[in-house]
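Asks: Structure below; questions to follow.
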Amino acid sequence: MNAFATSSPTRVLDHPGLWNHPVERQGRVRALSTGWPSLDTKLPGGGWPQGALSEILFEHGGLGELDLVMPALASLTQDHRRVIFVAPPDISYSAALAAAGVDTRFLHEIHAGSTEAAWTMEQCLRSGCCGAVIGWLPDADYRSLRRVQLAAESGDACAIVFRPAAHAPFNSPASLRIKVSNSDEATYVDVLKSRELPTTTAPLLRMRA
């Protein structure tokens with residue numbers, strides 16, 4: 001009879017003839033829920049990574065892209081955590097913020113030119129006093145985005161940048177990259193890059209009707 005057959009699991013694992021291969025445990029990803037369950041299930045940690053940069057690439061701008069981050073912004077501001085918009089488009093969105101439950105007392109805007117927006121995000125993130133910094137950086141290069149990524153790590157904040165979908169084919173230092181598109185009166189999200197998950201060709205996620 002095999003000597004292992006009648007041994008308890010503990011005794012088997014302690015047997016001198018059995019070599020235990022060390023298993024590396026994957027670090028837990030800290031994340032802020034997006035508020036969209038169908039998207040959270042596709043992201044490491046179940047949401048927007050904290051202490052990291054997320055890049056949202058959109059086909060059509062005009063603040064509709066904010067729908068994707070509204071639930072997270074509402075959660076942060078209701079917890080009295082500061083959110084900063086950097087270089088937002090000059091479009092009124094106060095009604096949409098209120099409807100989403102965002103406490104605007106903890107929401108601040110900084111209007112910066114295209115050459116200053118990335119630097120402004122970097123300084124806000126490094127301050128360590130922001131829950132999230134959201135920026136519109138259509139012209140930022142890789143180096144600028146890398147500095148934003150490092151600043152997010154330093155300040156342990158959630159950094160999100162909006163950029164045109166034309167940037168999708170190019171490399172980015174962002175930990176998470178997603179593409180947003182609209183079709184048939186619905187918003188779809190395609191996860192293009194996530195450092196903690198393998199590349200997937202899964203169908204787009206339908207976020208809302």
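Naming scheme: A, B, ... for chains in displayed order of the structure tokens; residues 1 onward per chain; ligands 1 onward as shown.
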Determine which residues of stretch 64-200 of chain A DSSP labels as helix (DSSP H, G or I) from the backbone of this structure, then write them out as a PyMOL selection string.
Replies: chain A and resi 64-68+70-78+94-99+104-106+117-126+142-155+165-167
Asks: Could you name the residues that touch A:Ala52 at 6 Å or less, counting only C-alpha atoms, but leaving out those on the same chain fewer than 2 positions away, as a compact mmCIF listing (two decimals) with N, CA and C atoms, in the first residue's frame?
Replies:
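Result file out-v1.txt:
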```
# COMPACT_ATOMS: atom_id res chain seq x y z
N PRO A 49 -7.68 51.28 -10.61
CA PRO A 49 -6.53 51.06 -9.73
C PRO A 49 -6.12 52.32 -8.99
N GLN A 50 -5.86 52.19 -7.70
CA GLN A 50 -5.40 53.31 -6.90
C GLN A 50 -3.87 53.36 -6.91
N GLN A 149 1.88 58.95 -14.13
CA GLN A 149 1.81 57.63 -13.53
C GLN A 149 2.65 57.57 -12.24
N ALA A 152 1.01 59.53 -9.45
CA ALA A 152 -0.12 58.81 -8.86
C ALA A 152 0.37 57.79 -7.84
N GLU A 153 1.47 57.11 -8.17
CA GLU A 153 2.05 56.16 -7.24
C GLU A 153 2.54 56.87 -5.98
N CYS A 158 -5.92 58.02 -7.31
CA CYS A 158 -6.45 57.48 -8.56
C CYS A 158 -6.33 58.56 -9.64
```
Asks: Just the residues within 7 Å of stretch 120-123 of chain A, please, counting only C-alpha atoms, with nothing from its chain fewer than 4 positions along; format it as a ChimeraX atom specification.
Replies: /A:86,116,127,133,135,147-148,151
Asks: Using Å and a single decimal, report how far atom CA of A:His111 sits from atom CA of A:Ser75.
Replies: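 Between atom CA of A:Ser75 and atom CA of A:His111 the gap works out to 23.7 Å.
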Asks: For A:Leu107, list every protein, DNA or RNA residue within 10 Å, evaluated using only C-alpha atoms, and leave out those in the same chain fewer than 6 positions away; present the list as a list in words.
Replies: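 The filter keeps Leu73, Ala74, Leu76, Thr77, His80, Arg81, Arg82, Val83, Ile84, Phe85, Leu97, Ala132 and Val133 of chain A.
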Asks: From a DSSP pass on the backbone, collect the residues of stretch 46-118 of chain A flagged as strand (DSSP E) and hand them back as a list in words.
Replies: Trp48, Pro49, Ala52, Leu53, Ser54, Glu55, Ile56, Leu57, Phe58, Val83, Ile84, Phe85, Val86, Leu107, His108, Glu109 and Ile110 of chain A
Asks: Ranking A:Pro138, A:Glu109, A:Leu39, A:Asp67 by minimum distance to A:Phe162 and counting only C-alpha atoms, which one comes first?
Replies: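 Using only C-alpha atoms, the shortest distance to A:Phe162 belongs to A:Pro138.
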Asks: How many Å lie between atom CA of A:Leu176 and atom CA of A:Leu43, rounded to one decimal?
Replies: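 Atom-to-atom, atom CA of A:Leu176 to atom CA of A:Leu43, that is 8.7 Å.
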Asks: I want to know what sits within 9 Å of A:Ser175, based on only C-alpha atoms, with residues of the same chain fewer than 6 positions away left out; could you give that as an MDAnalysis selection string?
Replies: chainID A and resid 49 52:55 149 193:196
Asks: Let's have the selection written as an mmCIF file, in the first residue's frame, with C-alpha atoms.
Replies:
```
data_model
loop_
_atom_site.group_PDB
_atom_site.id
_atom_site.type_symbol
_atom_site.label_atom_id
_atom_site.label_comp_id
_atom_site.auth_asym_id
_atom_site.auth_seq_id
_atom_site.Cartn_x
_atom_site.Cartn_y
_atom_site.Cartn_z
ATOM 1 C CA PRO A 49 -6.534 51.056 -9.731
ATOM 2 C CA ALA A 52 -1.873 54.297 -10.687
ATOM 3 C CA LEU A 53 -2.867 55.899 -13.972
ATOM 4 C CA SER A 54 -5.906 54.806 -15.968
ATOM 5 C CA GLU A 55 -6.395 55.975 -19.531
ATOM 6 C CA GLN A 149 1.814 57.625 -13.525
ATOM 7 C CA LYS A 193 -4.563 46.903 -21.409
ATOM 8 C CA SER A 194 -4.317 45.840 -17.804
ATOM 9 C CA ARG A 195 -0.992 45.006 -16.209
ATOM 10 C CA GLU A 196 -2.475 42.429 -13.864
#
```
Asks: Using only C-alpha atoms, which residues sit within 9 Å of A:Trp36 once same-chain residues fewer than 5 positions away are excluded, as a PyMOL selection string?
Replies: chain A and resi 41+47+68+71+207
Asks: Go ahead and compute the interatomic distance for atom CA of A:Arg126 and atom CA of A:Gly155, in Å to one decimal.
Replies: 4.6 Å
Asks: Please determine, counting only C-alpha atoms, which residue among A:Gly51, A:Pro89, A:Gly35, A:Gly46 has the shortest atom-to-atom distance to A:Val69.
Replies: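 For A:Val69, the nearest of the given residues is A:Gly35.
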